[in-house]
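Each remark here refers to the structure printed beneath this line.
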Amino acid sequence: MTSTPPAPSPAGTPRALDFTPAGTATPWARRVLRQAGFETRVALRNGEQLLLTVLLPALVLVGVTRVTSLDLGPGNRPALALGGVVALAVVSTAFTGQAIGTGFDRRNGVLRLLAASPLARSGLLVGKVLSVLAVVVVQVVLLGAIALFLGWSPDAATLLAALPAVLLGVAAFTSLGLLLAGTVRAEGTLAVANFVWVLLLAGGGLVLPSPLGVVADVLPSGALGTAVREALATGTVAVVPLLVLAAWAVAAGLACARWFRWD
């Protein structure tokens, strides 16, 4: 909305200055949603990101379901496989993809510019979290469709039981990814994020029960994998793993607020 121009003043009379704002500022929530939408579109158009967040989890889902020699534990095999791969998808997007993308944005000065814009630092971080949630929703829908063809039979109770685990997993691993991106150089972030992804896939308790036992139970990966697998296989809410995830989310969030560097 533009302001009404001042009426012409008589000849020789100074014209009063009009300080009425030329328009209203975009609400903070709308700016955050636009940033989240932009980051989501970038993530879904990036070939390397799609390989990490969609193709690899889909291949793992098919392999784990079909290779019966792998011990997934007691319960419906497609449901257990889907639970583990959903946990893997959350880590791929919230930790690995977010850390790498934010790390290179930081190196290129994008974070510093956005932090100084009307979006502000808080809006930028909230936008990133919402973007991760949007991508995770796409992943879950695609993986669920594949699991249906592999024999998974979903019901409302199992889906609702898995929701808290997915949300806490997104919070914990997004905070860990931002912490890594905000404290380590971009090239180091790239190497560490990919290396950690491989380690968690191999023995972190994401897709398969970890041989590390109690050690894996206190890791965010083990807690997330256990919580989502139990939810989708039995419809139960695993309270202890959820508390572990919540503790990691709080600790990583506080550490990110303390040590994250914008340039």
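The way I read the labels, and the way they are meant: chains A, B, ... in the order of the structure tokens, residue 1 as the first residue of every chain, and ligand 1 as the first ligand shown, with later ones counted on from there.
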
Which polymer residues have any atom within 8 Å of an atom of A:Ala181, counting only C-alpha atoms, with same-chain residues fewer than 3 positions away left out, as a list in words?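 These residues fall inside the cut-off: Ala99, Ile100, Thr102, Gly103, Arg106, Gly177, Leu178, Val184, Arg185, Ala186, Thr189 and Phe260 of chain A.
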
For the residues in that selection, give me all heavy atoms as a CSV table (one decimal), in the first residue's frame.
chain,number,residue,atom,x,y,z
A,99,ALA,N,24.0,-30.2,7.1
A,99,ALA,CA,25.4,-29.7,7.5
A,99,ALA,C,26.2,-29.3,6.3
A,99,ALA,O,26.8,-28.3,6.3
A,99,ALA,CB,26.1,-30.9,8.2
A,100,ILE,N,26.1,-30.1,5.2
A,100,ILE,CA,26.9,-29.8,4.0
A,100,ILE,C,26.4,-28.5,3.4
A,100,ILE,O,27.1,-27.6,3.0
A,100,ILE,CB,26.8,-30.9,3.0
A,100,ILE,CG1,27.5,-32.1,3.6
A,100,ILE,CG2,27.4,-30.5,1.7
A,100,ILE,CD1,27.4,-33.4,2.7
A,102,THR,N,24.6,-26.0,4.7
A,102,THR,CA,24.8,-24.8,5.5
A,102,THR,C,26.3,-24.5,5.6
A,102,THR,O,26.7,-23.3,5.7
A,102,THR,CB,24.3,-25.1,7.0
A,102,THR,OG1,22.9,-25.4,6.9
A,102,THR,CG2,24.4,-23.8,7.8
A,103,GLY,N,27.1,-25.5,5.6
A,103,GLY,CA,28.6,-25.3,5.7
A,103,GLY,C,29.1,-24.5,4.5
A,103,GLY,O,29.9,-23.5,4.6
A,106,ARG,N,27.8,-20.9,4.6
A,106,ARG,CA,28.6,-20.1,5.5
A,106,ARG,C,29.9,-19.7,4.8
A,106,ARG,O,30.4,-18.6,5.0
A,106,ARG,CB,28.9,-21.0,6.8
A,106,ARG,CG,29.8,-20.3,7.8
A,106,ARG,CD,29.9,-21.1,9.1
A,106,ARG,NE,31.0,-20.7,9.9
A,106,ARG,CZ,32.0,-21.5,10.1
A,106,ARG,NH1,32.1,-22.7,9.6
A,106,ARG,NH2,33.0,-21.1,10.8
A,177,GLY,N,23.6,-31.1,12.9
A,177,GLY,CA,24.1,-30.7,11.6
A,177,GLY,C,24.5,-29.2,11.5
A,177,GLY,O,25.6,-28.9,11.0
A,178,LEU,N,23.7,-28.4,12.1
A,178,LEU,CA,24.0,-27.0,12.2
A,178,LEU,C,25.2,-26.7,13.1
A,178,LEU,O,26.0,-25.8,12.8
A,178,LEU,CB,22.8,-26.2,12.7
A,178,LEU,CG,21.6,-26.1,11.7
A,178,LEU,CD1,20.4,-25.4,12.4
A,178,LEU,CD2,22.0,-25.4,10.4
A,184,VAL,N,33.0,-25.9,11.8
A,184,VAL,CA,34.0,-26.6,11.0
A,184,VAL,C,34.0,-26.0,9.6
A,184,VAL,O,32.9,-25.6,9.1
A,184,VAL,CB,33.8,-28.1,11.0
A,184,VAL,CG1,34.9,-28.8,10.1
A,184,VAL,CG2,33.8,-28.7,12.4
A,185,ARG,N,35.2,-25.9,9.0
A,185,ARG,CA,35.2,-25.4,7.6
A,185,ARG,C,34.4,-26.2,6.7
A,185,ARG,O,34.2,-27.4,7.0
A,185,ARG,CB,36.7,-25.3,7.2
A,185,ARG,CG,37.5,-24.3,7.9
A,185,ARG,CD,39.0,-24.3,7.4
A,185,ARG,NE,39.0,-24.0,6.0
A,185,ARG,CZ,40.2,-24.1,5.3
A,185,ARG,NH1,41.3,-24.4,5.9
A,185,ARG,NH2,40.1,-23.8,4.0
A,186,ALA,N,34.0,-25.7,5.6
A,186,ALA,CA,33.0,-26.3,4.7
A,186,ALA,C,33.6,-27.7,4.2
A,186,ALA,O,32.9,-28.7,4.1
A,186,ALA,CB,32.7,-25.4,3.5
A,189,THR,N,33.4,-30.1,7.0
A,189,THR,CA,32.1,-30.5,7.2
A,189,THR,C,31.6,-31.5,6.2
A,189,THR,O,30.9,-32.5,6.5
A,189,THR,CB,31.1,-29.3,7.1
A,189,THR,OG1,31.5,-28.3,8.1
A,189,THR,CG2,29.7,-29.7,7.2
A,260,PHE,N,27.9,-21.6,17.3
A,260,PHE,CA,27.7,-21.5,15.9
A,260,PHE,C,28.2,-20.1,15.4
A,260,PHE,O,28.0,-19.1,16.0
A,260,PHE,CB,26.2,-21.5,15.5
A,260,PHE,CG,25.9,-21.6,14.1
A,260,PHE,CD1,25.7,-22.8,13.4
A,260,PHE,CD2,25.7,-20.4,13.3
A,260,PHE,CE1,25.4,-22.8,12.1
A,260,PHE,CE2,25.5,-20.4,12.0
A,260,PHE,CZ,25.3,-21.6,11.3

Counting only C-alpha atoms, what is within 10 Å of A:Arg30, bar same-chain residues fewer than 6 positions away, as a short mmCIF file (atom, residue, chain, number, x, y, z; two decimals) with all heavy atoms, in the first residue's frame?
data_model
loop_
_atom_site.label_atom_id
_atom_site.label_comp_id
_atom_site.auth_asym_id
_atom_site.auth_seq_id
_atom_site.Cartn_x
_atom_site.Cartn_y
_atom_site.Cartn_z
N ALA A 36 11.78 -21.11 3.96
CA ALA A 36 11.66 -22.56 4.05
C ALA A 36 11.28 -23.16 2.69
O ALA A 36 11.83 -24.19 2.28
CB ALA A 36 10.62 -22.94 5.09
N LEU A 119 15.01 -11.13 7.45
CA LEU A 119 14.73 -12.49 7.93
C LEU A 119 15.35 -12.72 9.30
O LEU A 119 14.76 -13.37 10.16
CB LEU A 119 15.29 -13.51 6.93
CG LEU A 119 15.00 -14.98 7.21
CD1 LEU A 119 13.51 -15.26 7.12
CD2 LEU A 119 15.77 -15.86 6.22
N GLY A 123 14.88 -16.27 12.10
CA GLY A 123 14.07 -16.67 10.96
C GLY A 123 14.78 -17.63 10.04
O GLY A 123 14.18 -18.56 9.50
#

Residue with smallest distance to A:Leu245 - pool A:Ala116, A:Val228, A:Val132, A:Ala43, counting only C-alpha atoms: A:Val228

Need to verify the contact set: A:Ala29, 10 Å, only C-alpha atoms, exclusion of same-chain residues closer than 4 positions in sequence. Can you return it as a ChimeraX atom specification? /A:33-35,119,123,126-127

What lies within 10 Å of stretch 51-57 of chain A using only C-alpha atoms, ignoring chain neighbours under 2 positions off, as a ChimeraX atom specification? /A:43-44,46-49,59-63,82,84-94,96-97,135-136,138-140,142-143,194,197,207

Would you output that residue set with N, CA and C atoms, as a compact mmCIF listing (two decimals), in the first residue's frame?
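The resulting file, again.txt, is shown below:
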# COMPACT_ATOMS: atom_id res chain seq x y z
N ALA A 43 16.70 -28.06 -2.22
CA ALA A 43 17.06 -29.42 -1.82
C ALA A 43 16.48 -30.47 -2.77
N LEU A 44 15.24 -30.27 -3.19
CA LEU A 44 14.59 -31.26 -4.04
C LEU A 44 15.05 -31.18 -5.49
N ASN A 46 18.33 -30.55 -6.21
CA ASN A 46 19.75 -30.87 -6.20
C ASN A 46 19.94 -32.36 -6.39
N GLY A 47 20.64 -32.74 -7.47
CA GLY A 47 20.83 -34.15 -7.77
C GLY A 47 21.57 -34.91 -6.68
N GLU A 48 22.62 -34.31 -6.14
CA GLU A 48 23.38 -34.97 -5.09
C GLU A 48 22.54 -35.14 -3.83
N GLN A 49 21.74 -34.12 -3.50
CA GLN A 49 20.86 -34.21 -2.34
C GLN A 49 19.82 -35.31 -2.53
N LEU A 59 16.90 -47.69 -1.94
CA LEU A 59 17.66 -48.90 -2.24
C LEU A 59 17.91 -49.72 -0.97
N VAL A 60 18.22 -49.02 0.12
CA VAL A 60 18.43 -49.72 1.39
C VAL A 60 17.14 -50.40 1.84
N LEU A 61 16.00 -49.76 1.66
CA LEU A 61 14.72 -50.34 2.06
C LEU A 61 14.45 -51.63 1.30
N VAL A 62 14.64 -51.61 0.01
CA VAL A 62 14.40 -52.82 -0.79
C VAL A 62 15.39 -53.92 -0.39
N GLY A 63 16.66 -53.56 -0.24
CA GLY A 63 17.67 -54.56 0.11
C GLY A 63 17.43 -55.19 1.46
N LEU A 82 11.11 -50.57 7.11
CA LEU A 82 10.69 -49.19 6.85
C LEU A 82 11.06 -48.28 8.01
N GLY A 84 13.55 -48.55 10.14
CA GLY A 84 14.98 -48.25 10.11
C GLY A 84 15.36 -47.30 8.99
N VAL A 85 14.74 -47.47 7.83
CA VAL A 85 15.10 -46.62 6.69
C VAL A 85 14.52 -45.21 6.86
N VAL A 86 13.37 -45.07 7.50
CA VAL A 86 12.86 -43.73 7.81
C VAL A 86 13.84 -43.02 8.73
N ALA A 87 14.38 -43.73 9.72
CA ALA A 87 15.40 -43.14 10.59
C ALA A 87 16.62 -42.72 9.79
N LEU A 88 17.04 -43.57 8.85
CA LEU A 88 18.17 -43.23 7.98
C LEU A 88 17.86 -41.99 7.14
N ALA A 89 16.64 -41.90 6.63
CA ALA A 89 16.25 -40.75 5.82
C ALA A 89 16.29 -39.46 6.63
N VAL A 90 15.86 -39.52 7.89
CA VAL A 90 15.91 -38.35 8.76
C VAL A 90 17.35 -37.89 8.94
N VAL A 91 18.24 -38.83 9.19
CA VAL A 91 19.66 -38.47 9.38
C VAL A 91 20.23 -37.90 8.08
N SER A 92 19.88 -38.50 6.96
CA SER A 92 20.40 -38.04 5.67
C SER A 92 20.03 -36.58 5.41
N THR A 93 18.79 -36.22 5.70
CA THR A 93 18.31 -34.87 5.43
C THR A 93 18.69 -33.89 6.52
N ALA A 94 18.36 -34.26 7.78
CA ALA A 94 18.52 -33.31 8.88
C ALA A 94 19.98 -33.10 9.26
N THR A 96 23.22 -34.84 7.54
CA THR A 96 24.22 -34.80 6.46
C THR A 96 23.92 -33.70 5.44
N GLY A 97 22.71 -33.71 4.89
CA GLY A 97 22.38 -32.70 3.89
C GLY A 97 22.39 -31.29 4.44
N VAL A 135 11.10 -31.82 3.56
CA VAL A 135 11.79 -32.87 2.81
C VAL A 135 11.56 -34.23 3.44
N VAL A 136 11.55 -34.31 4.78
CA VAL A 136 11.31 -35.58 5.46
C VAL A 136 9.90 -36.09 5.14
N VAL A 138 8.28 -35.66 2.35
CA VAL A 138 8.38 -36.22 1.00
C VAL A 138 9.05 -37.59 1.07
N GLN A 139 10.13 -37.71 1.85
CA GLN A 139 10.82 -38.99 1.97
C GLN A 139 9.91 -40.07 2.55
N VAL A 140 9.20 -39.73 3.62
CA VAL A 140 8.34 -40.72 4.28
C VAL A 140 7.24 -41.20 3.33
N LEU A 142 7.31 -41.28 0.00
CA LEU A 142 7.89 -42.13 -1.04
C LEU A 142 8.31 -43.49 -0.49
N LEU A 143 8.96 -43.49 0.67
CA LEU A 143 9.39 -44.76 1.27
C LEU A 143 8.18 -45.59 1.68
N ASN A 194 29.68 -36.92 5.72
CA ASN A 194 29.55 -38.16 4.95
C ASN A 194 30.12 -39.35 5.71
N TRP A 197 27.70 -40.37 8.40
CA TRP A 197 26.55 -41.05 7.80
C TRP A 197 26.85 -42.53 7.56
N VAL A 207 19.29 -48.62 10.87
CA VAL A 207 18.52 -49.57 10.07
C VAL A 207 18.43 -50.93 10.75

List every residue of stretch 88-124 of chain A that DSSP, applied to the backbone of this structure, assigns to helix (DSSP H, G or I), and report them as a ChimeraX atom specification. /A:88-107,110-115,120-124

With a distance cut-off of 10 Å and only C-alpha atoms, select the neighbouring residues of A:Glu230, excluding the residue or stretch itself and same-chain residues fewer than 3 positions from it, and output the selection as a PDB file with N, CA, C and O atoms, in the first residue's frame.
ATOM      1  N   PRO A  74      12.343 -59.251  16.100  1.00  0.00           N
ATOM      2  CA  PRO A  74      10.998 -59.827  15.991  1.00  0.00           C
ATOM      3  C   PRO A  74       9.986 -58.806  15.487  1.00  0.00           C
ATOM      4  O   PRO A  74      10.051 -57.644  15.824  1.00  0.00           O
ATOM      5  N   GLY A  75       9.048 -59.285  14.664  1.00  0.00           N
ATOM      6  CA  GLY A  75       8.015 -58.407  14.148  1.00  0.00           C
ATOM      7  C   GLY A  75       7.901 -58.481  12.642  1.00  0.00           C
ATOM      8  O   GLY A  75       8.632 -59.232  11.973  1.00  0.00           O
ATOM      9  N   ALA A  79       7.707 -53.703   8.026  1.00  0.00           N
ATOM     10  CA  ALA A  79       7.532 -52.592   8.958  1.00  0.00           C
ATOM     11  C   ALA A  79       8.841 -52.252   9.659  1.00  0.00           C
ATOM     12  O   ALA A  79       9.177 -51.070   9.837  1.00  0.00           O
ATOM     13  N   LEU A  80       9.582 -53.279  10.085  1.00  0.00           N
ATOM     14  CA  LEU A  80      10.869 -53.040  10.729  1.00  0.00           C
ATOM     15  C   LEU A  80      11.854 -52.388   9.758  1.00  0.00           C
ATOM     16  O   LEU A  80      12.607 -51.480  10.127  1.00  0.00           O
ATOM     17  N   GLY A  83      10.870 -48.765   9.261  1.00  0.00           N
ATOM     18  CA  GLY A  83      11.226 -47.950  10.421  1.00  0.00           C
ATOM     19  C   GLY A  83      12.692 -47.570  10.424  1.00  0.00           C
ATOM     20  O   GLY A  83      13.054 -46.409  10.662  1.00  0.00           O
ATOM     21  N   GLY A  84      13.554 -48.550  10.138  1.00  0.00           N
ATOM     22  CA  GLY A  84      14.981 -48.253  10.110  1.00  0.00           C
ATOM     23  C   GLY A  84      15.362 -47.302   8.993  1.00  0.00           C
ATOM     24  O   GLY A  84      16.192 -46.406   9.180  1.00  0.00           O
ATOM     25  N   THR A 158       0.128 -47.119  14.385  1.00  0.00           N
ATOM     26  CA  THR A 158       1.577 -47.178  14.170  1.00  0.00           C
ATOM     27  C   THR A 158       2.113 -45.853  13.642  1.00  0.00           C
ATOM     28  O   THR A 158       3.201 -45.421  14.020  1.00  0.00           O
ATOM     29  N   ALA A 161       2.238 -43.396  16.477  1.00  0.00           N
ATOM     30  CA  ALA A 161       3.309 -43.744  17.420  1.00  0.00           C
ATOM     31  C   ALA A 161       4.675 -43.326  16.896  1.00  0.00           C
ATOM     32  O   ALA A 161       5.586 -43.016  17.684  1.00  0.00           O
ATOM     33  N   ALA A 162       4.844 -43.323  15.574  1.00  0.00           N
ATOM     34  CA  ALA A 162       6.138 -42.969  14.983  1.00  0.00           C
ATOM     35  C   ALA A 162       6.356 -41.467  14.910  1.00  0.00           C
ATOM     36  O   ALA A 162       7.504 -41.012  14.793  1.00  0.00           O
ATOM     37  N   GLY A 225      16.491 -44.984  15.606  1.00  0.00           N
ATOM     38  CA  GLY A 225      16.182 -46.233  14.923  1.00  0.00           C
ATOM     39  C   GLY A 225      15.269 -47.127  15.744  1.00  0.00           C
ATOM     40  O   GLY A 225      14.284 -47.679  15.238  1.00  0.00           O
ATOM     41  N   THR A 226      15.567 -47.271  17.040  1.00  0.00           N
ATOM     42  CA  THR A 226      14.743 -48.106  17.909  1.00  0.00           C
ATOM     43  C   THR A 226      13.325 -47.566  18.025  1.00  0.00           C
ATOM     44  O   THR A 226      12.341 -48.317  17.933  1.00  0.00           O
ATOM     45  N   ALA A 227      13.207 -46.257  18.220  1.00  0.00           N
ATOM     46  CA  ALA A 227      11.882 -45.658  18.416  1.00  0.00           C
ATOM     47  C   ALA A 227      11.005 -45.811  17.174  1.00  0.00           C
ATOM     48  O   ALA A 227       9.820 -46.168  17.285  1.00  0.00           O
ATOM     49  N   ALA A 233       6.431 -51.243  13.838  1.00  0.00           N
ATOM     50  CA  ALA A 233       6.255 -52.692  13.913  1.00  0.00           C
ATOM     51  C   ALA A 233       5.197 -53.108  14.924  1.00  0.00           C
ATOM     52  O   ALA A 233       4.471 -54.088  14.708  1.00  0.00           O
ATOM     53  N   THR A 234       5.097 -52.367  16.046  1.00  0.00           N
ATOM     54  CA  THR A 234       4.184 -52.788  17.119  1.00  0.00           C
ATOM     55  C   THR A 234       3.180 -51.715  17.517  1.00  0.00           C
ATOM     56  O   THR A 234       2.264 -52.003  18.289  1.00  0.00           O
ATOM     57  N   GLY A 235       3.358 -50.483  17.055  1.00  0.00           N
ATOM     58  CA  GLY A 235       2.448 -49.413  17.436  1.00  0.00           C
ATOM     59  C   GLY A 235       2.687 -48.865  18.824  1.00  0.00           C
ATOM     60  O   GLY A 235       1.851 -48.122  19.347  1.00  0.00           O
ATOM     61  N   THR A 236       3.827 -49.189  19.432  1.00  0.00           N
ATOM     62  CA  THR A 236       4.135 -48.717  20.786  1.00  0.00           C
ATOM     63  C   THR A 236       5.055 -47.510  20.727  1.00  0.00           C
ATOM     64  O   THR A 236       5.855 -47.367  19.791  1.00  0.00           O
ATOM     65  N   VAL A 237       4.948 -46.661  21.740  1.00  0.00           N
ATOM     66  CA  VAL A 237       5.806 -45.490  21.863  1.00  0.00           C
ATOM     67  C   VAL A 237       6.963 -45.856  22.793  1.00  0.00           C
ATOM     68  O   VAL A 237       6.746 -46.155  23.969  1.00  0.00           O
ATOM     69  N   ALA A 238       8.180 -45.860  22.261  1.00  0.00           N
ATOM     70  CA  ALA A 238       9.369 -46.210  23.051  1.00  0.00           C
ATOM     71  C   ALA A 238       9.801 -44.988  23.852  1.00  0.00           C
ATOM     72  O   ALA A 238      10.452 -44.079  23.325  1.00  0.00           O
TER      73      ALA A 238
END

Compare A:Thr68, A:Pro27, A:Ala58, A:Arg107 by their minimum atom-to-atom distance to A:Trp262, counting only C-alpha atoms, and give me the closest one. A:Arg107

Distance criterion (only C-alpha atoms): nearest to A:Leu219 out of A:Phe38, A:Trp152, A:Phe195, A:Leu243: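 Looking at the shortest contact to A:Leu219, the residue is A:Leu243.
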
Provide the atom CA of A:Leu179 to atom CA of A:Cys256 distance in Å, to one decimal place.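 Computing the Euclidean distance for atom CA of A:Leu179 and atom CA of A:Cys256 yields 4.8 Å.
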
Pairwise distance, atom CA of A:Trp259 with atom CA of A:Asp217, equals 26.6 Å
